[in-house]
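As provided, final11.txt (compact mmCIF, C-alpha atoms) reads as follows.
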```
# COMPACT_ATOMS: atom_id res chain seq x y z
CA MET A 836 154.30 141.07 59.38
CA ILE A 837 156.59 138.19 60.39
CA SER A 838 155.75 135.57 63.00
CA VAL A 839 158.16 132.82 63.99
CA GLU A 840 156.29 130.27 66.10
CA THR A 841 158.21 127.66 68.12
CA VAL A 842 160.56 126.96 65.21
CA THR A 843 163.21 124.26 65.54
CA LYS A 844 165.90 123.29 63.03
CA ARG A 845 168.38 120.45 63.47
CA TYR A 846 171.45 119.40 61.53
CA GLY A 847 171.87 115.78 62.55
CA SER A 848 172.44 115.76 66.31
CA LEU A 849 173.00 119.54 66.43
CA THR A 850 169.98 121.71 67.27
CA ALA A 851 170.77 125.00 65.54
CA VAL A 852 167.44 126.69 66.39
CA ASP A 853 165.46 125.54 69.40
CA ARG A 854 161.75 126.41 69.81
CA LEU A 855 162.31 129.97 68.66
CA SER A 856 159.41 132.43 68.70
CA PHE A 857 159.34 136.14 67.92
CA GLN A 858 157.38 138.69 65.89
CA VAL A 859 158.33 141.62 63.66
CA ASP A 860 155.69 144.26 62.92
CA ARG A 861 155.21 145.97 59.58
CA GLY A 862 157.55 148.93 59.17
CA GLU A 863 159.95 147.95 61.97
CA VAL A 864 163.74 147.85 61.63
CA VAL A 865 164.68 145.02 63.98
CA GLY A 866 168.22 144.12 65.01
CA PHE A 867 168.78 140.36 64.93
CA LEU A 868 171.70 139.69 67.25
CA GLY A 869 173.60 136.80 68.72
CA PRO A 870 177.13 135.39 69.00
CA ASN A 871 178.55 133.15 66.30
CA GLY A 872 176.69 129.84 66.28
CA ALA A 873 173.56 131.31 67.87
CA GLY A 874 171.32 130.22 64.96
CA LYS A 875 170.90 133.57 63.21
CA THR A 876 171.86 132.43 59.71
CA THR A 877 169.71 129.30 59.95
CA THR A 878 166.75 131.43 61.06
CA MET A 879 167.27 133.90 58.20
CA ARG A 880 167.33 131.03 55.73
CA MET A 881 164.03 129.76 57.11
CA LEU A 882 162.55 133.25 56.81
CA THR A 883 163.62 133.44 53.17
CA GLY A 884 162.16 130.00 52.45
CA THR A 885 165.47 128.36 51.51
CA LEU A 886 165.28 126.06 54.56
CA GLU A 887 162.25 124.37 56.07
CA PRO A 888 161.92 124.14 59.85
CA ASP A 889 161.79 120.67 61.37
CA GLU A 890 159.14 121.91 63.78
CA GLY A 891 157.11 125.10 64.11
CA THR A 892 155.94 127.62 61.55
CA VAL A 893 157.09 130.83 59.85
CA LEU A 894 154.18 133.08 58.90
CA PHE A 895 153.86 136.29 56.88
CA GLU A 896 150.77 138.25 57.96
CA GLY A 897 149.35 135.16 59.66
CA VAL A 898 149.76 132.83 56.66
CA PRO A 899 152.38 130.04 56.80
CA ILE A 900 154.96 130.65 54.08
CA SER A 901 154.79 126.93 53.23
CA ALA A 902 151.24 127.53 51.95
CA ASP A 903 152.66 129.57 49.03
CA LEU A 904 156.44 129.34 49.17
CA ARG A 905 157.00 131.02 45.81
CA GLY A 906 154.72 133.91 46.75
CA ALA A 907 156.42 134.24 50.15
CA LYS A 908 159.88 134.37 48.54
CA ALA A 909 158.67 137.14 46.23
CA ARG A 910 157.90 139.26 49.30
CA VAL A 911 161.45 139.03 50.65
CA GLY A 912 164.70 140.71 49.64
CA PHE A 913 167.84 139.12 51.07
CA LEU A 914 171.43 140.39 51.19
CA PRO A 915 173.66 137.60 52.53
CA GLU A 916 176.95 138.35 54.26
CA SER A 917 178.90 137.02 51.26
CA ASN A 918 177.09 139.42 48.83
CA PRO A 919 177.39 137.17 45.76
CA LEU A 920 178.26 139.49 42.88
CA TYR A 921 179.78 138.63 39.49
CA GLU A 922 182.95 140.71 39.26
CA GLU A 923 183.25 140.41 35.49
CA MET A 924 179.80 141.96 34.96
CA ILE A 925 179.01 145.65 34.52
CA ALA A 926 176.89 146.87 37.45
CA ALA A 927 173.91 147.59 35.16
CA GLU A 928 174.30 144.17 33.57
CA TYR A 929 174.14 142.55 37.01
CA LEU A 930 170.91 144.34 37.89
CA GLY A 931 169.45 143.29 34.54
CA PHE A 932 170.43 139.70 35.32
CA VAL A 933 168.69 139.89 38.73
CA ALA A 934 165.56 141.29 37.04
CA GLU A 935 165.64 138.41 34.57
CA LEU A 936 165.92 135.88 37.42
CA ARG A 937 162.90 137.56 39.01
CA GLY A 938 160.92 136.97 35.81
CA MET A 939 160.45 140.66 35.01
CA GLU A 940 159.46 141.78 31.54
CA LEU A 941 161.67 144.46 29.95
CA PRO A 942 159.51 147.55 30.74
CA GLU A 943 159.02 146.40 34.34
CA ALA A 944 162.74 145.60 34.68
CA ARG A 945 163.78 149.03 33.41
CA LYS A 946 161.58 150.82 35.94
CA ALA A 947 162.63 148.50 38.77
CA ILE A 948 166.33 149.06 38.00
CA SER A 949 165.82 152.83 37.79
CA ASP A 950 164.04 152.89 41.17
CA ALA A 951 166.62 150.64 42.87
CA VAL A 952 169.52 152.69 41.48
CA GLU A 953 167.96 155.89 42.78
CA GLU A 954 167.29 154.41 46.24
CA THR A 955 170.78 153.01 46.69
CA GLY A 956 172.80 155.74 44.99
CA VAL A 957 174.77 153.53 42.57
CA GLY A 958 174.04 155.64 39.48
CA GLU A 959 177.59 156.94 39.08
CA VAL A 960 179.07 153.41 38.95
CA LEU A 961 176.28 151.81 36.92
CA PHE A 962 178.45 151.26 33.83
CA ARG A 963 181.62 150.16 35.59
CA PRO A 964 182.80 146.54 36.06
CA ILE A 965 181.83 145.23 39.50
CA GLY A 966 185.43 144.08 40.03
CA GLU A 967 186.56 147.73 40.00
CA LEU A 968 184.03 148.94 42.58
CA SER A 969 184.86 149.77 46.20
CA LYS A 970 183.48 147.56 48.94
CA GLY A 971 180.97 150.28 49.82
CA TYR A 972 179.59 150.45 46.28
CA ARG A 973 179.48 146.65 46.10
CA GLN A 974 177.30 146.61 49.20
CA ARG A 975 175.07 149.27 47.67
CA LEU A 976 174.82 147.24 44.48
CA GLY A 977 173.93 144.13 46.50
CA LEU A 978 171.20 146.14 48.23
CA ALA A 979 169.94 147.37 44.86
CA GLY A 980 169.61 143.76 43.73
CA ALA A 981 167.86 142.81 46.97
CA ILE A 982 165.19 145.52 46.61
CA LEU A 983 164.81 145.31 42.82
CA HIS A 984 161.44 143.54 43.04
CA GLN A 985 160.18 146.00 45.72
CA PRO A 986 159.97 143.45 48.56
CA GLU A 987 157.92 144.15 51.68
CA ILE A 988 160.54 142.43 53.86
CA LEU A 989 164.28 143.07 53.69
CA ILE A 990 166.71 140.72 55.46
CA LEU A 991 170.31 141.94 55.72
CA ASP A 992 173.16 139.81 57.02
CA GLU A 993 176.15 141.91 58.19
CA PRO A 994 175.69 144.61 55.50
CA THR A 995 178.63 146.72 56.77
CA GLU A 996 181.15 143.91 57.28
CA GLY A 997 184.59 144.92 55.97
CA LEU A 998 183.68 148.56 55.33
CA ASP A 999 185.70 151.54 56.54
CA PRO A 1000 184.06 153.94 59.06
CA ASN A 1001 182.83 156.37 56.39
CA GLN A 1002 181.32 153.56 54.33
CA ARG A 1003 179.67 152.12 57.45
CA VAL A 1004 177.96 155.44 58.14
CA GLU A 1005 176.70 155.63 54.55
CA ILE A 1006 175.32 152.07 54.52
CA ARG A 1007 173.79 152.62 57.97
CA ARG A 1008 172.01 155.74 56.65
CA LEU A 1009 170.87 153.82 53.58
CA VAL A 1010 169.45 150.96 55.68
CA ALA A 1011 167.53 153.48 57.80
CA GLU A 1012 166.06 155.03 54.64
CA LEU A 1013 165.14 151.63 53.17
CA GLY A 1014 163.40 150.80 56.45
CA ARG A 1015 160.95 153.68 56.10
CA GLU A 1016 158.83 151.71 53.63
CA ARG A 1017 159.79 148.13 54.46
CA THR A 1018 160.06 145.70 57.32
CA VAL A 1019 163.80 145.16 57.90
CA LEU A 1020 165.59 142.42 59.82
CA LEU A 1021 169.22 143.48 60.33
CA CYS A 1022 171.79 140.94 61.47
CA THR A 1023 174.98 142.61 62.71
CA HIS A 1024 177.69 142.50 65.37
CA VAL A 1025 178.19 146.27 65.34
CA MET A 1026 176.35 147.79 68.31
CA GLN A 1027 176.63 151.37 66.99
CA GLU A 1028 174.68 150.21 63.95
CA VAL A 1029 172.00 148.70 66.15
CA GLU A 1030 171.56 151.84 68.26
CA ALA A 1031 171.54 154.13 65.22
CA THR A 1032 169.23 152.06 63.02
CA CYS A 1033 167.02 149.62 64.90
CA SER A 1034 163.71 150.27 66.65
CA ARG A 1035 163.80 146.89 68.42
CA LEU A 1036 166.16 143.98 69.09
CA VAL A 1037 165.80 140.21 69.03
CA ILE A 1038 168.74 138.48 70.73
CA LEU A 1039 169.56 134.78 70.35
CA SER A 1040 171.97 132.51 72.17
CA ARG A 1041 172.48 128.80 71.58
CA GLY A 1042 169.54 128.71 69.21
CA LYS A 1043 167.08 130.20 71.71
CA LEU A 1044 165.55 133.60 72.27
CA VAL A 1045 167.12 135.31 75.28
CA THR A 1046 165.26 138.61 75.06
CA GLN A 1047 163.57 141.11 72.76
CA GLY A 1048 162.59 144.76 73.11
CA SER A 1049 163.65 148.28 72.21
CA VAL A 1050 167.22 149.43 72.79
CA GLN A 1051 165.96 151.84 75.46
CA GLU A 1052 164.04 149.08 77.26
CA LEU A 1053 167.03 146.77 77.32
CA LEU A 1054 169.35 149.51 78.54
CA ALA A 1055 166.86 150.45 81.25
CA THR A 1056 165.90 147.01 82.51
CA ARG A 1057 168.82 144.70 81.83
CA SER A 1058 171.87 146.60 83.04
CA GLY A 1059 171.35 145.91 86.76
CA ARG A 1060 174.21 148.26 87.65
CA ALA A 1061 174.78 152.00 87.41
CA ARG A 1062 178.19 153.68 87.11
CA TYR A 1063 178.95 157.14 88.47
CA VAL A 1064 182.06 159.22 87.83
CA VAL A 1065 182.98 161.85 90.41
CA GLU A 1066 185.94 164.23 90.15
CA ALA A 1067 186.53 166.42 93.18
CA GLU A 1068 189.04 168.15 95.48
CA GLY A 1069 188.87 167.62 99.21
CA GLU A 1070 189.50 165.18 102.06
CA GLY A 1071 188.42 161.53 102.25
CA ILE A 1072 186.58 161.56 98.93
CA ALA A 1073 186.94 157.94 97.87
CA GLN A 1074 186.26 156.52 101.34
CA SER A 1075 183.17 158.66 101.83
CA LEU A 1076 181.72 157.85 98.41
CA ALA A 1077 182.34 154.12 98.90
CA SER A 1078 180.15 154.24 102.02
CA LEU A 1079 177.04 155.39 100.11
CA PRO A 1080 174.12 152.91 100.04
CA GLY A 1081 174.16 150.47 97.14
CA VAL A 1082 177.82 150.99 96.15
CA VAL A 1083 179.37 147.62 95.28
CA SER A 1084 182.79 148.74 94.01
CA HIS A 1085 184.88 151.83 93.45
CA GLN A 1086 188.10 152.80 91.68
CA THR A 1087 190.20 155.92 92.26
CA ASP A 1088 192.62 157.78 90.00
CA MET A 1089 194.36 161.14 90.30
CA VAL A 1090 193.68 163.65 87.51
CA ASN A 1091 195.44 167.06 87.66
CA GLY A 1092 195.79 166.73 91.42
CA ARG A 1093 192.11 165.87 91.87
CA GLU A 1094 190.55 162.55 92.85
CA ARG A 1095 188.52 160.87 90.12
CA VAL A 1096 186.34 158.11 91.57
CA SER A 1097 184.32 155.60 89.54
CA LEU A 1098 181.48 154.04 91.53
CA GLU A 1099 179.40 151.01 90.63
CA ALA A 1100 176.06 150.68 92.37
CA GLY A 1101 172.82 148.78 92.12
CA ASP A 1102 170.47 150.26 89.55
CA ASP A 1103 167.81 150.77 92.22
CA HIS A 1104 169.93 153.41 93.98
CA GLU A 1105 170.03 156.94 92.56
CA LEU A 1106 173.28 158.32 93.95
CA GLY A 1107 173.47 161.67 92.15
CA PRO A 1108 171.61 163.78 94.74
CA MET A 1109 173.40 162.00 97.61
CA ILE A 1110 176.83 162.67 96.09
CA PHE A 1111 175.97 166.33 95.53
CA ALA A 1112 174.71 166.69 99.12
CA MET A 1113 177.83 164.95 100.47
CA ALA A 1114 180.10 167.31 98.51
CA GLN A 1115 178.30 170.34 100.01
CA GLU A 1116 178.43 168.91 103.53
CA LYS A 1117 182.16 168.07 103.38
CA GLY A 1118 183.20 171.20 101.50
CA TRP A 1119 184.56 169.43 98.41
CA VAL A 1120 185.14 171.31 95.18
CA LEU A 1121 183.08 169.24 92.72
CA TRP A 1122 184.54 169.32 89.19
CA GLU A 1123 182.50 166.54 87.63
CA LEU A 1124 179.54 164.31 88.46
CA HIS A 1125 177.75 162.16 85.93
CA ARG A 1126 176.04 158.82 85.63
CA GLU A 1127 177.26 156.71 82.73
CA ARG A 1128 174.75 155.00 80.50
CA ALA A 1129 174.75 151.23 80.41
CA SER A 1130 176.56 149.80 77.39
CA LEU A 1131 174.51 147.80 74.91
CA GLU A 1132 177.61 145.73 74.23
CA ASP A 1133 177.92 144.87 77.94
CA ILE A 1134 174.25 143.86 78.09
CA PHE A 1135 174.66 141.74 74.96
CA ARG A 1136 177.64 139.92 76.50
CA GLN A 1137 175.75 139.43 79.76
CA LEU A 1138 172.68 137.99 78.06
CA THR A 1139 174.46 135.71 75.62
CA SER A 1140 176.95 134.39 78.15
CA GLU A 1141 174.12 133.56 80.55
CA GLY A 1142 172.13 131.82 77.82
CA GLU A 1143 169.05 132.89 79.76
CA GLU A 1144 165.74 132.13 78.05
CA VAL A 1145 162.87 134.56 78.22
CA GLU A 1146 159.38 133.83 76.90
CA ALA A 1147 158.62 135.55 73.61
```

As a first step, turn the structure in this file into structure tokens.
Amino acid sequence: MISVETVTKRYGSLTAVDRLSFQVDRGEVVGFLGPNGAGKTTTMRMLTGTLEPDEGTVLFEGVPISADLRGAKARVGFLPESNPLYEEMIAAEYLGFVAELRGMELPEARKAISDAVEETGVGEVLFRPIGELSKGYRQRLGLAGAILHQPEILILDEPTEGLDPNQRVEIRRLVAELGRERTVLLCTHVMQEVEATCSRLVILSRGKLVTQGSVQELLATRSGRARYVVEAEGEGIAQSLASLPGVVSHQTDMVNGRERVSLEAGDDHELGPMIFAMAQEKGWVLWELHRERASLEDIFRQLTSEGEEVEA
């Protein structure tokens, strides 16, 4: 659906996006991640047609968007981080204004507004001033405006920024529902959102692609380390566990008179069976043994601090 091919964008001497290439398939919800200054906003603006790349091409279904910029823009719905709403307007009035900007005739606008209101759940605040709405309803209203023209592609920049936990869950659920019939590019810093919503990730650092793939693939292949937690009663527990093959570090605490040992090992060593066998051999009472899953946040920090580039 979307192809970004060796795109570069400069602001004077600053290269904001550097030979960036990635693809997004139809119907995917893709997390678009990177630290501040990674080039995410510049890339989103090129995808929406508000900025032109200095080099490279953005294509929708194999056709450069520059070939029909107006038509390409009509295929995209965009919710920027700032969510530009007019607080003095009634919510319904705002949606009517968006429909007018989109060039919709009255019958078409009425149906489009009705559909968008139903999808985003803003019906109960439709006749209230925007200035009186909660942040959660403002985000919903911004989403309603973004999907009013039934775009095939939806680009969302930090849609849950500033929301409380309950509102975050609601917007996250809404984004997942919107993604069932659209291609969605979701820019966010919230890793729980990414894991709950996105089928695939594209991660940038310093204007370049560092990696892309599913959450499961990244957790499986990029962690490099495995962490085991063992809680047991017996003699010489920490010393014995630290001697297992592949263990690179360990930390010991006492919990209710029992030793609780956290082990870090290379990901190519599966220690679970060895720990269980060692406990049987040494007569330990084993209260807990589990392998902790790699953290997506840790992998994100590792990738973006390295600035490692991987071919798209």

Which residue gives the smallest distance to Val1025 (chain A) among A:Met1089, A:Gly897, A:Phe867, A:Arg937, with all atoms listed in the file counted? A:Phe867

Which residues are near Glu967 (chain A)? Cut-off 8 Å, all atoms listed in the file, ignore same chain within fewer than 3 positions. Put them as a PDB file with C-alpha atoms, in the coordinates of the input.
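Final output, around-v8.pdb:
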```
ATOM      1  CA  GLU A 922     182.950 140.710  39.260  1.00  0.00           C
ATOM      2  CA  ARG A 963     181.620 150.160  35.590  1.00  0.00           C
ATOM      3  CA  PRO A 964     182.800 146.540  36.060  1.00  0.00           C
TER       4      PRO A 964
END
```

Using only C-alpha atoms, the best pick from A:Pro994, A:Pro919, A:Gly847, A:Gly1042 as closest to His1024 (chain A) would be A:Pro994

When you draw a straight line from CA of Ile1072 (chain A) to CA of Glu1105 (chain A), how long is it in Å? 18.3 Å

Pick out the residues sitting within 10 Å of Ile837 (chain A), and hand them over as number ranges by chain; count all atoms listed in the file, and ignore anything fewer than 5 positions along from it in its own chain. A: 857-861, 882, 893-900, 988, 1018, 1020

Name all residues at most 12 Å from Lys1117 (chain A) (count all atoms listed in the file; drop same-chain ones fewer than 6 positions away) and give them as number ranges by chain. A: 1067-1072, 1075-1076, 1110-1111

Measuring between all atoms listed in the file, which one of A:Val1082, A:Ala981, A:Leu1131, A:Glu1016 shows the shortest distance to Glu1052 (chain A)? A:Leu1131

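Neighbours of Glu840 (chain A) closer than or equal to 7 Å, with all atoms listed in the file counted and sequence neighbours fewer than 2 positions away skipped, come out as Ser838, Val842, Leu855, Ser856, Phe857, Gly891, Thr892 and Val893 of chain A.
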
Take the residues from that selection and write them out as a JSON list (two decimals), in the coordinates of the input, keeping C-alpha atoms.
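Saved result, result-v7.json, follows:
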```
[["chain", "number", "residue", "atom", "x", "y", "z"],
["A", 838, "SER", "CA", 155.75, 135.57, 63.00],
["A", 842, "VAL", "CA", 160.56, 126.96, 65.21],
["A", 855, "LEU", "CA", 162.31, 129.97, 68.66],
["A", 856, "SER", "CA", 159.41, 132.43, 68.70],
["A", 857, "PHE", "CA", 159.34, 136.14, 67.92],
["A", 891, "GLY", "CA", 157.11, 125.10, 64.11],
["A", 892, "THR", "CA", 155.94, 127.62, 61.55],
["A", 893, "VAL", "CA", 157.09, 130.83, 59.85]]
```

CA of Asp999 (chain A) to CA of Arg973 (chain A) measures 13.1 Å

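Within a radius of 7 Å around (164.1, 149.9, 69.4), the polymer residues are A:Cys1033, A:Ser1034, A:Arg1035, A:Leu1036, A:Gly1048, A:Ser1049, A:Val1050, A:Gln1051, counting all atoms listed in the file.
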
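Here CA of Thr877 (chain A) and CA of Val839 (chain A) stand 12.7 Å from one another.
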
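Nearest to Leu1013 (chain A) of all the residues A:Ala951, A:Ala927, A:Val957, A:Leu998 is A:Ala951, counting all atoms listed in the file.
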
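Distance check against Glu863 (chain A) using only C-alpha atoms: of A:Ala1073, A:Leu1021, A:Met1026, A:Leu886, the minimum falls on A:Leu1021.
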
Calculated over all atoms listed in the file, which of the candidates A:Val1019, A:Gly869, A:Ala934, A:Gly958 has the smallest distance to Gln1137 (chain A)? A:Gly869

If you count only C-alpha atoms, which residues fall within 8 Å of Thr1032 (chain A), apart from same-chain ones fewer than 6 positions away, as a PyMOL selection string? chain A and resi 864+1007-1008+1010-1011

Nearby residues, (181.3, 156.6, 89.5) file frame, 7 Å, all atoms listed in the file, as a list of chain:residue names: A:Arg1062, A:Tyr1063, A:Val1064, A:Val1065, A:Val1096, A:Ser1097, A:Leu1098, A:Glu1099, A:Arg1126
